[in-house]
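This is start_23.txt. It holds compact mmCIF, C-alpha atoms.
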```txt
# COMPACT_ATOMS: atom_id res chain seq x y z
CA MET B 21 205.92 -85.63 49.40
CA LYS B 22 208.13 -88.76 49.33
CA ARG B 23 211.80 -88.24 50.08
CA ILE B 24 214.15 -90.28 47.87
CA PHE B 25 217.85 -91.09 48.13
CA LEU B 26 219.86 -92.55 45.24
CA LEU B 27 222.72 -95.04 45.58
CA SER B 28 224.51 -95.62 42.28
CA SER B 29 228.13 -95.78 41.17
CA HIS B 30 227.19 -95.32 37.50
CA PRO B 31 227.28 -91.49 37.33
CA LEU B 32 225.53 -91.13 33.96
CA PHE B 33 222.76 -93.53 35.00
CA GLY B 34 222.45 -92.13 38.52
CA GLN B 35 222.28 -88.51 37.39
CA GLY B 36 219.88 -89.47 34.60
CA VAL B 37 217.48 -91.13 37.05
CA GLU B 38 217.84 -88.16 39.41
CA SER B 39 217.06 -85.77 36.56
CA LEU B 40 213.93 -87.80 35.68
CA LEU B 41 212.66 -88.00 39.26
CA ARG B 42 213.25 -84.29 39.90
CA ARG B 43 210.47 -83.63 37.37
CA GLU B 44 207.99 -85.42 39.61
CA THR B 45 206.36 -82.87 41.89
CA GLU B 46 205.44 -85.41 44.58
CA LEU B 47 209.05 -86.57 44.95
CA ASP B 48 211.93 -84.84 46.72
CA ILE B 49 215.43 -86.11 45.88
CA VAL B 50 217.33 -85.61 49.12
CA GLY B 51 220.69 -87.03 48.09
CA ARG B 52 222.79 -89.27 45.87
CA GLU B 53 225.89 -91.30 46.73
CA SER B 54 228.14 -93.75 44.92
CA ASP B 55 229.52 -95.51 48.01
CA ILE B 56 227.42 -97.58 50.41
CA ASP B 57 229.24 -96.53 53.60
CA ARG B 58 228.91 -92.83 52.83
CA ALA B 59 225.31 -93.46 51.79
CA ILE B 60 224.46 -95.11 55.13
CA ALA B 61 225.93 -92.20 57.06
CA ARG B 62 223.82 -89.73 55.08
CA ILE B 63 220.66 -91.88 55.13
CA LYS B 64 220.86 -92.03 58.93
CA LYS B 65 220.75 -88.23 58.99
CA LEU B 66 218.33 -87.65 56.11
CA ARG B 67 215.87 -90.49 56.86
CA PRO B 68 214.44 -90.77 53.30
CA ASP B 69 211.24 -92.72 52.58
CA ALA B 70 212.95 -94.82 49.92
CA VAL B 71 216.47 -95.54 48.67
CA ILE B 72 216.95 -96.43 45.02
CA VAL B 73 219.86 -98.86 44.76
CA ASP B 74 221.67 -99.47 41.45
CA SER B 75 223.57 -102.70 42.11
CA ASN B 76 226.90 -103.21 40.40
CA ASP B 77 230.46 -104.27 41.13
CA SER B 78 230.87 -101.87 44.04
CA ILE B 79 227.30 -101.80 45.40
CA PRO B 80 225.83 -105.13 46.57
CA ASP B 81 222.55 -106.67 45.54
CA PRO B 82 219.55 -104.71 46.96
CA ALA B 83 218.58 -107.65 49.21
CA LEU B 84 222.03 -107.44 50.84
CA VAL B 85 221.72 -103.66 51.08
CA VAL B 86 218.41 -104.17 52.96
CA MET B 87 220.19 -106.53 55.40
CA ARG B 88 222.94 -103.96 55.89
CA PHE B 89 220.38 -101.19 56.47
CA LEU B 90 218.55 -103.32 59.05
CA ARG B 91 221.79 -104.00 60.90
CA GLU B 92 222.27 -100.22 61.01
CA GLY B 93 218.73 -99.74 62.34
CA LEU B 94 217.38 -98.34 59.05
CA GLU B 95 213.98 -99.62 57.95
CA THR B 96 213.91 -97.59 54.74
CA MET B 97 212.19 -99.00 51.67
CA VAL B 98 214.77 -100.12 49.09
CA ILE B 99 214.03 -100.07 45.36
CA GLY B 100 216.53 -102.12 43.36
CA VAL B 101 217.35 -101.14 39.78
CA ASN B 102 220.27 -102.12 37.53
CA LEU B 103 221.87 -101.28 34.21
CA TRP B 104 221.28 -104.72 32.73
CA ASP B 105 217.51 -104.92 32.43
CA ASN B 106 214.30 -103.07 33.15
CA VAL B 107 213.47 -105.08 36.28
CA VAL B 108 212.73 -103.09 39.44
CA CYS B 109 212.57 -104.88 42.81
CA VAL B 110 210.95 -103.33 45.86
CA TYR B 111 212.03 -104.33 49.37
CA ARG B 112 210.13 -103.02 52.35
CA GLY B 113 212.81 -103.72 54.92
CA GLN B 114 211.58 -104.35 58.43
CA GLN B 115 213.06 -106.26 61.29
CA GLY B 116 211.55 -107.43 64.54
CA VAL B 117 211.48 -110.17 67.13
CA ILE B 118 208.83 -112.84 67.07
CA LYS B 119 207.49 -113.80 70.48
CA GLU B 120 204.62 -115.91 69.23
CA VAL B 121 203.32 -117.32 65.93
CA ARG B 122 200.78 -114.52 65.79
CA ASP B 123 203.65 -112.05 65.27
CA LEU B 124 204.71 -113.92 62.13
CA VAL B 125 201.11 -114.03 60.85
CA GLN B 126 200.78 -110.29 61.45
CA ALA B 127 203.99 -109.69 59.54
CA ILE B 128 202.61 -111.77 56.66
CA HIS B 129 199.50 -109.55 56.65
CA GLY B 130 201.77 -106.51 56.51
CA GLU B 131 200.66 -105.30 59.93
CA GLY B 132 204.22 -104.66 61.04
CA LEU B 133 206.31 -106.16 63.77
CA LYS B 134 205.41 -104.96 67.24
CA VAL B 135 208.60 -105.88 69.04
CA PRO B 136 211.57 -103.90 67.73
CA PRO B 137 214.83 -105.74 67.16
CA PRO B 138 217.75 -105.27 69.49
CA SER B 139 219.91 -102.48 68.14
CA ALA B 140 223.37 -103.20 66.79
CA ARG B 141 224.86 -101.65 69.91
CA ARG B 142 222.82 -103.83 72.23
CA ARG B 143 223.90 -106.91 70.28
CA GLY B 144 227.46 -105.73 70.77
CA SER B 145 226.86 -105.39 74.49
CA SER B 146 225.44 -108.91 74.61
CA LEU B 147 228.60 -110.16 72.95
CA GLU B 148 230.76 -108.31 75.45
CA SER B 149 228.69 -109.72 78.33
CA ALA B 150 229.05 -113.23 76.95
CA LEU B 151 232.82 -112.83 76.81
CA LYS B 152 232.87 -111.52 80.38
CA LEU B 153 230.95 -114.58 81.47
CA GLY B 154 233.72 -116.76 80.03
CA PHE B 155 232.19 -117.83 76.72
CA GLN B 156 234.91 -118.44 74.17
CA LEU B 157 234.50 -117.52 70.54
CA PRO B 158 235.97 -119.88 67.93
CA TRP B 159 238.49 -117.32 66.65
CA ASN B 160 239.65 -116.53 70.19
CA LYS B 161 240.27 -120.22 70.79
CA THR B 162 242.33 -120.45 67.60
CA GLN B 163 244.40 -117.42 68.56
CA LYS B 164 245.27 -118.96 71.93
CA LYS B 165 246.66 -122.07 70.25
CA MET J 24 225.50 -69.97 17.15
CA ALA J 25 226.09 -73.53 15.92
CA GLU J 26 223.14 -75.75 15.06
CA PRO J 27 222.24 -78.07 17.93
CA LEU J 28 223.63 -81.58 17.72
CA ARG J 29 220.62 -83.81 17.01
CA ILE J 30 220.90 -87.13 18.81
CA LEU J 31 218.95 -90.36 18.37
CA LEU J 32 219.02 -92.50 21.53
CA VAL J 33 218.79 -96.26 21.04
CA ASP J 34 218.51 -98.42 24.15
CA ASP J 35 216.00 -100.96 25.43
CA HIS J 36 216.78 -99.96 29.04
CA ILE J 37 214.01 -97.46 29.69
CA LEU J 38 215.41 -95.75 32.79
CA PHE J 39 218.86 -95.34 31.24
CA ARG J 40 217.52 -94.04 27.92
CA LYS J 41 215.01 -91.64 29.49
CA GLY J 42 217.60 -90.50 32.03
CA VAL J 43 220.22 -89.73 29.37
CA ALA J 44 217.52 -87.99 27.29
CA SER J 45 216.65 -85.85 30.30
CA LEU J 46 220.32 -84.85 30.75
CA ILE J 47 220.74 -84.06 27.03
CA VAL J 48 217.60 -81.89 27.01
CA SER J 49 219.06 -79.73 29.76
CA HIS J 50 222.44 -79.45 27.99
CA GLN J 51 222.94 -76.46 25.71
CA GLY J 52 223.69 -77.14 22.06
CA MET J 53 222.22 -80.63 21.98
CA GLU J 54 218.77 -82.03 21.43
CA VAL J 55 217.09 -85.43 21.41
CA ALA J 56 215.94 -86.04 17.84
CA GLY J 57 214.30 -89.36 18.71
CA GLU J 58 214.38 -92.53 20.76
CA ALA J 59 214.28 -96.22 19.90
CA GLY J 60 214.07 -99.36 22.03
CA ASP J 61 215.66 -101.88 19.62
CA GLY J 62 217.78 -102.08 16.48
CA LEU J 63 214.91 -102.25 14.00
CA GLU J 64 213.21 -99.26 15.56
CA ALA J 65 216.59 -97.49 15.40
CA VAL J 66 216.81 -98.00 11.62
CA ALA J 67 213.25 -96.70 11.16
CA GLN J 68 213.86 -93.70 13.45
CA ALA J 69 217.18 -92.88 11.76
CA ARG J 70 215.40 -92.73 8.38
CA LYS J 71 212.67 -90.58 9.85
CA VAL J 72 214.59 -88.03 11.93
CA MET J 73 217.99 -88.06 10.14
CA PRO J 74 220.04 -87.39 13.30
CA ASP J 75 223.62 -86.11 13.43
CA VAL J 76 224.60 -88.71 16.02
CA ILE J 77 223.16 -92.02 17.18
CA LEU J 78 223.96 -93.30 20.67
CA MET J 79 223.55 -97.03 20.26
CA ASP J 80 223.32 -99.77 22.88
CA ILE J 81 224.58 -103.20 21.78
CA SER J 82 222.48 -105.79 23.56
CA MET J 83 218.87 -105.23 22.48
CA PRO J 84 215.93 -107.41 21.44
CA LYS J 85 214.89 -108.07 17.80
CA CYS J 86 218.03 -106.56 16.25
CA ASN J 87 221.17 -105.75 18.27
CA GLY J 88 223.15 -102.53 18.07
CA LEU J 89 225.93 -103.95 15.90
CA GLU J 90 223.49 -105.17 13.26
CA ALA J 91 221.61 -101.87 13.41
CA THR J 92 224.92 -99.99 12.98
CA ARG J 93 225.70 -102.01 9.85
CA LEU J 94 222.25 -101.35 8.40
CA ILE J 95 222.26 -97.63 9.17
CA LYS J 96 225.85 -97.07 7.97
CA ARG J 97 225.08 -98.82 4.67
CA GLU J 98 222.15 -96.50 4.07
CA MET J 99 223.28 -93.31 5.84
CA PRO J 100 227.11 -93.31 6.03
CA HIS J 101 227.23 -89.67 7.17
CA VAL J 102 225.36 -90.39 10.43
CA LYS J 103 227.82 -90.78 13.29
CA ILE J 104 227.19 -93.79 15.48
CA ILE J 105 228.62 -94.06 18.99
CA MET J 106 228.14 -97.28 20.89
CA LEU J 107 227.00 -96.64 24.48
CA THR J 108 227.06 -99.96 26.26
CA VAL J 109 227.92 -101.93 29.40
CA SER J 110 229.94 -104.38 27.28
CA ASP J 111 233.71 -104.05 27.60
CA ASP J 112 234.16 -107.18 25.50
CA ASP J 113 236.94 -106.80 22.88
CA ARG J 114 234.82 -108.61 20.29
CA ASP J 115 232.02 -106.04 20.59
CA LEU J 116 234.54 -103.18 20.44
CA PHE J 117 236.24 -104.39 17.26
CA ALA J 118 232.98 -105.48 15.64
CA ALA J 119 231.60 -101.99 16.25
CA ILE J 120 234.69 -100.34 14.73
CA LYS J 121 234.53 -102.69 11.76
CA ASP J 122 230.85 -101.88 11.31
CA GLY J 123 231.73 -98.19 11.07
CA ALA J 124 231.04 -96.86 14.57
CA GLU J 125 232.80 -93.54 15.31
CA GLY J 126 233.02 -94.22 19.02
CA TYR J 127 232.65 -96.71 21.83
CA LEU J 128 231.62 -95.47 25.26
CA LEU J 129 230.95 -97.47 28.39
CA LYS J 130 227.88 -96.60 30.41
CA ASN J 131 229.89 -96.05 33.59
CA LEU J 132 231.31 -92.74 32.37
CA GLU J 133 230.76 -89.38 34.10
CA PRO J 134 228.17 -87.03 32.54
CA ARG J 135 230.91 -84.41 32.09
CA GLN J 136 233.06 -86.86 30.09
CA PHE J 137 229.97 -87.93 28.16
CA PHE J 138 229.17 -84.38 27.05
CA ASP J 139 232.86 -83.64 26.29
CA MET J 140 232.92 -86.70 24.03
CA LEU J 141 229.74 -85.55 22.25
CA GLU J 142 231.25 -82.07 21.74
CA GLY J 143 234.32 -83.80 20.28
CA ILE J 144 232.13 -85.77 17.88
CA ARG J 145 230.80 -82.47 16.58
CA GLN J 146 234.44 -81.50 15.83
CA GLY J 147 235.04 -84.73 13.91
CA GLU J 148 236.80 -86.57 16.73
CA VAL J 149 236.22 -90.10 17.95
CA ALA J 150 234.71 -90.95 21.31
CA ILE J 151 236.32 -93.85 23.13
CA SER J 152 236.20 -94.70 26.84
CA GLY J 153 239.70 -94.89 28.34
CA VAL J 154 239.66 -98.62 29.05
CA MET J 155 238.48 -99.37 25.52
CA ALA J 156 241.19 -97.14 24.02
CA SER J 157 243.72 -99.30 25.91
CA LYS J 158 242.24 -102.38 24.27
CA ILE J 159 242.74 -100.78 20.84
CA LEU J 160 246.36 -99.98 21.68
CA HIS J 161 246.84 -103.56 22.86
CA GLU J 162 245.39 -104.76 19.58
CA PHE J 163 247.99 -102.64 17.75
CA ARG J 164 250.69 -104.80 19.24
CA GLN J 165 249.15 -108.06 18.05
CA PRO J 166 250.56 -109.80 14.97
CA GLU J 167 249.53 -108.11 11.78
CA GLN J 168 246.03 -108.98 10.64
CA SER J 169 244.54 -106.51 8.20
CA LEU J 170 241.26 -104.79 9.11
CA ALA J 171 240.91 -103.40 5.62
CA GLN J 172 241.56 -104.58 2.08
CA PRO J 173 245.12 -103.85 0.92
CA SER J 174 245.37 -100.56 -0.88
CA GLU J 175 245.62 -100.63 -4.64
CA GLU J 176 248.43 -99.26 -6.77
CA GLY J 177 248.27 -95.47 -6.98
CA ASP J 178 246.67 -95.27 -3.57
CA GLU J 179 249.92 -94.62 -1.70
CA LEU J 180 249.69 -91.99 0.99
CA THR J 181 251.64 -88.78 0.55
CA SER J 182 254.26 -87.87 3.15
CA ARG J 183 251.88 -85.20 4.51
CA GLU J 184 249.07 -87.75 4.85
CA ILE J 185 251.42 -90.08 6.74
CA GLU J 186 252.30 -87.19 9.07
CA VAL J 187 248.58 -86.63 9.71
CA LEU J 188 248.06 -90.35 10.27
CA GLU J 189 250.92 -90.46 12.79
CA LEU J 190 249.24 -87.70 14.77
CA VAL J 191 245.89 -89.54 14.58
CA VAL J 192 247.57 -92.65 16.01
CA GLU J 193 248.88 -90.53 18.88
CA GLY J 194 245.27 -89.64 19.68
CA ASN J 195 245.42 -85.97 18.62
CA THR J 196 242.27 -84.04 17.76
CA ASN J 197 241.91 -82.30 14.40
CA LYS J 198 242.68 -78.99 16.09
CA GLU J 199 245.85 -80.35 17.66
CA ILE J 200 246.96 -81.88 14.34
CA ALA J 201 246.35 -78.54 12.62
CA GLU J 202 248.49 -76.76 15.23
CA SER J 203 251.30 -79.35 15.04
CA LEU J 204 251.53 -79.11 11.25
CA SER J 205 250.75 -75.38 11.01
CA ILE J 206 247.79 -75.98 8.73
CA THR J 207 244.07 -75.29 9.12
CA GLU J 208 241.56 -77.73 10.60
CA ASN J 209 239.81 -77.88 7.22
CA THR J 210 243.04 -79.02 5.57
CA VAL J 211 243.37 -81.72 8.23
CA LYS J 212 239.83 -82.88 7.46
CA ILE J 213 240.67 -83.03 3.71
CA HIS J 214 243.81 -85.07 4.43
CA LEU J 215 241.80 -87.43 6.64
CA ARG J 216 239.11 -87.86 3.98
CA ASN J 217 241.78 -88.68 1.39
CA ILE J 218 243.46 -91.14 3.77
CA LEU J 219 240.16 -92.95 4.40
CA GLU J 220 239.38 -93.08 0.67
CA LYS J 221 242.81 -94.40 -0.25
CA LEU J 222 242.77 -97.05 2.45
CA HIS J 223 239.09 -97.95 1.90
CA LEU J 224 238.31 -97.31 5.54
CA GLN J 225 235.36 -95.71 7.26
CA ASN J 226 236.75 -93.73 10.16
CA ARG J 227 239.89 -92.57 11.94
CA ILE J 228 239.94 -95.44 14.44
CA GLN J 229 240.10 -97.92 11.58
CA ALA J 230 242.78 -95.74 9.96
CA ALA J 231 244.88 -95.70 13.15
CA VAL J 232 244.62 -99.48 13.61
CA TYR J 233 245.46 -100.05 9.94
CA ALA J 234 248.40 -97.62 10.03
CA VAL J 235 250.09 -99.32 12.97
CA ARG J 236 249.45 -102.85 11.74
CA GLN J 237 250.77 -102.05 8.28
CA GLY J 238 253.77 -100.18 9.66
CA LEU J 239 252.75 -96.98 7.88
CA VAL J 240 253.70 -94.89 10.90
CA GLY J 241 256.83 -94.74 13.06
CA HIS J 242 257.44 -97.24 15.86
CA SER J 243 257.50 -94.51 18.52
CA GLN J 244 253.70 -94.32 18.38
CA GLN J 245 253.27 -98.01 19.10
CA ALA J 246 255.21 -97.82 22.32
CA GLN J 247 253.02 -95.06 23.77
```

Starting from the coordinates I provided, produce the structure as structure tokens.
Amino acid sequence: MKRIFLLSSHPLFGQGVESLLRRETELDIVGRESDIDRAIARIKKLRPDAVIVDSNDSIPDPALVVMRFLREGLETMVIGVNLWDNVVCVYRGQQGVIKEVRDLVQAIHGEGLKVPPPSARRRGSSLESALKLGFQLPWNKTQKK
Amino acid sequence: MAEPLRILLVDDHILFRKGVASLIVSHQGMEVAGEAGDGLEAVAQARKVMPDVILMDISMPKCNGLEATRLIKREMPHVKIIMLTVSDDDRDLFAAIKDGAEGYLLKNLEPRQFFDMLEGIRQGEVAISGVMASKILHEFRQPEQSLAQPSEEGDELTSREIEVLELVVEGNTNKEIAESLSITENTVKIHLRNILEKLHLQNRIQAAVYAVRQGLVGHSQQAQ
């Protein structure tokens, strides 16, 4: 059973797709949201296998949604749909750190990345440490002037 | 119990069309009479299934929704056509009205509003998304430019018909007009039919636009 989450701010379209997918016995629709921030909060709890993203004025392009998910530590598959055409794009979001060329080659073969990325919090800590060590960020410099 | 409203869905966007069909199927009092993926298929399906209402997308391959509306209205004027589109372009809106569409809905509407609009269509009302209704009102305020041919001698509206037209311009439903004038809904429908015949128009939106542009109704309506 694959667990699906829907992100769409077109209610008629979103509910229509939900209604269609609910007929599929091998799919479980775990939630639907119209706002990306609320969606991320729920996806973190629900951990669906795939998120269907209907891009529009208020929801960014699926590729940007994947980037946002990765920053939040979510490696959920993203399936991009839209109201303009019948094109569906599938993004298998994954993030990792390459230590050698072999890691890149393995990623190309779809074998997955062995070294997990630093979490958002750890990146934050690194930034704090850098500031403590006296590194100046461009915007801090500007503020001081 | 009333006969179910038979709807033909015309849209080349498969997920949207199938999704809306799925919602309609689970809604009481409505059924999907057929589906079409372009304007030409829509004309063929309309002839075949004779629906009560057609929900018509505009941008489609082979033959777009506006052209299909013209073709279907010429052949089957009684079939009600509601545009259901992502286009909020004024030109599409006014072309659709001119071609005889009874409504213009944007695809971003809520399912509840969507079904309310379809119920209204059954009662002889028009279905217009809020933002598109504003565009029509804005158009009212433009310099006079007739949508219809000028009426001929002997086609003057009666004072009662003008009263009905004023209430149409205000956006009242047939039921509300009937209540305001203390007459039955059937009488309202007869007045509306006579108004459309006299003005050589196809639907109440055209009648409302015509009435304001020609100054047939009071100025208070234009300011609203």

Item to check | Separation of CA of Ala156 in chain J from CA of Leu204 in chain J in Å | outcome: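 Pair CA of Leu204 in chain J / CA of Ala156 in chain J returns 24.4 Å.
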
What are the closest atom pairs, with distances in Å to one decimal, for all residues of chain B lying within 6 Å of chain J? Consider all atoms listed in the file, order rows by chain and residue number, and present the result as a tab-separated table.
```
residue	atom	partner	partner_atom	distance
B:His30	CA	J:Asn131	CA	4.8
B:Pro31	CA	J:Glu133	CA	5.2
B:Leu32	CA	J:Pro134	CA	5.1
B:Phe33	CA	J:Phe39	CA	5.7
B:Gly36	CA	J:Gly42	CA	3.6
B:Val37	CA	J:Gly42	CA	5.1
B:Leu40	CA	J:Gly42	CA	5.8
B:Asn106	CA	J:His36	CA	5.7
```

What would the file look like if the residues just selected were written as a short mmCIF file (atom, residue, chain, number, x, y, z; two decimals), in the frame of the given file with C-alpha atoms?
```cif
data_model
loop_
_atom_site.label_atom_id
_atom_site.label_comp_id
_atom_site.auth_asym_id
_atom_site.auth_seq_id
_atom_site.Cartn_x
_atom_site.Cartn_y
_atom_site.Cartn_z
CA HIS B 30 227.19 -95.32 37.50
CA PRO B 31 227.28 -91.49 37.33
CA LEU B 32 225.53 -91.13 33.96
CA PHE B 33 222.76 -93.53 35.00
CA GLY B 36 219.88 -89.47 34.60
CA VAL B 37 217.48 -91.13 37.05
CA LEU B 40 213.93 -87.80 35.68
CA ASN B 106 214.30 -103.07 33.15
#
```

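The environment of Arg42 in chain B within 12 Å, counting all atoms listed in the file and disregarding residues fewer than 3 places along the same chain, consists of B:Lys22, B:Arg23, B:Ile24, B:Phe25, B:Leu26, B:Gln35, B:Gly36, B:Val37, B:Glu38, B:Ser39, B:Thr45, B:Glu46, B:Leu47, B:Asp48, B:Ile49, B:Val50, B:Gly51, J:Gly42, J:Ser45, J:Leu46.
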
Item to check | Test item: residues at most 12 Å from Pro80 in chain B, only C-alpha atoms, excluding those fewer than 6 positions along its chain, as number ranges by chain | outcome: B: 27-29, 54-57, 73-74, 86-89, 100-102

Item to check | Straight-line distance linking CA of Ile72 in chain B with CA of Asp105 in chain B, stated in Å to one decimal | outcome: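 These atoms are spaced 15.2 Å apart.
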
Next on the checklist: Nearest residue to Cys86 in chain J out of J:Val33, J:Val55, J:Val102, J:Leu190, using only C-alpha atoms?
Outcome noted: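 Of J:Val33, J:Val55, J:Val102, J:Leu190, the one nearest Cys86 in chain J, counting only C-alpha atoms, is J:Val33.
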
Item to check | One-decimal distance in Å that lies between CA of Leu107 in chain J and CA of Leu129 in chain J | outcome: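 Computed distance, CA of Leu129 in chain J to CA of Leu107 in chain J, equals 5.6 Å.
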
Next on the checklist: From the options J:Arg227, J:Arg29, J:Lys158, J:His50, which residue's atoms come nearest to Val191 in chain J, counting all atoms listed in the file?
Outcome noted: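 Using all atoms listed in the file, Val191 in chain J sits closest to J:Arg227.
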
Next on the checklist: Nearest residue to Ile60 in chain B out of B:Trp104, B:Arg112, B:Thr96, B:Leu124, using only C-alpha atoms?
Outcome noted: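 Of B:Trp104, B:Arg112, B:Thr96, B:Leu124, the one nearest Ile60 in chain B is B:Thr96, counting only C-alpha atoms.
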
Item to check | Among the residues B:Leu103, B:Met21, B:Ala59, B:Val98, the one that comes closest to Leu84 in chain B [using all atoms listed in the file] | outcome: B:Val98

Next on the checklist: Would you pick out the contacts of Val72 in chain J at 8 Å or less, using all atoms listed in the file, so that residues sharing its chain but fewer than 4 positions from it are not included, and give the list as an MDAnalysis selection string?
Outcome noted: chainID J and resid 56:57 68

Please provide as an mmCIF file with C-alpha atoms, keeping the file's coordinate frame all residues within 10 Å of range 141-145 of chain J, with the sequence filter that same-chain residues fewer than 4 positions apart are discarded (counting only C-alpha atoms).
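Output (result-v4.cif):
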```
data_model
loop_
_atom_site.group_PDB
_atom_site.id
_atom_site.type_symbol
_atom_site.label_atom_id
_atom_site.label_comp_id
_atom_site.auth_asym_id
_atom_site.auth_seq_id
_atom_site.Cartn_x
_atom_site.Cartn_y
_atom_site.Cartn_z
ATOM 1 C CA PRO J 27 222.240 -78.070 17.930
ATOM 2 C CA LEU J 28 223.630 -81.580 17.720
ATOM 3 C CA ILE J 30 220.900 -87.130 18.810
ATOM 4 C CA GLY J 52 223.690 -77.140 22.060
ATOM 5 C CA MET J 53 222.220 -80.630 21.980
ATOM 6 C CA ASP J 75 223.620 -86.110 13.430
ATOM 7 C CA VAL J 76 224.600 -88.710 16.020
ATOM 8 C CA LEU J 78 223.960 -93.300 20.670
ATOM 9 C CA LYS J 103 227.820 -90.780 13.290
ATOM 10 C CA ILE J 104 227.190 -93.790 15.480
ATOM 11 C CA ILE J 105 228.620 -94.060 18.990
ATOM 12 C CA GLU J 125 232.800 -93.540 15.310
ATOM 13 C CA GLY J 126 233.020 -94.220 19.020
ATOM 14 C CA ARG J 135 230.910 -84.410 32.090
ATOM 15 C CA GLN J 136 233.060 -86.860 30.090
ATOM 16 C CA PHE J 137 229.970 -87.930 28.160
ATOM 17 C CA VAL J 149 236.220 -90.100 17.950
ATOM 18 C CA ALA J 150 234.710 -90.950 21.310
ATOM 19 C CA THR J 196 242.270 -84.040 17.760
ATOM 20 C CA ASN J 197 241.910 -82.300 14.400
#
```

Next on the checklist: Show me, as a list in words, the residues that have an atom within 9 Å of Asp115 in chain J when counting all atoms listed in the file, minus same-chain residues fewer than 4 positions from it.
Outcome noted: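 My reading of the contact set: Ile81, Leu89, Ser110, Asp111, Ala119 and Ile120 of chain J.
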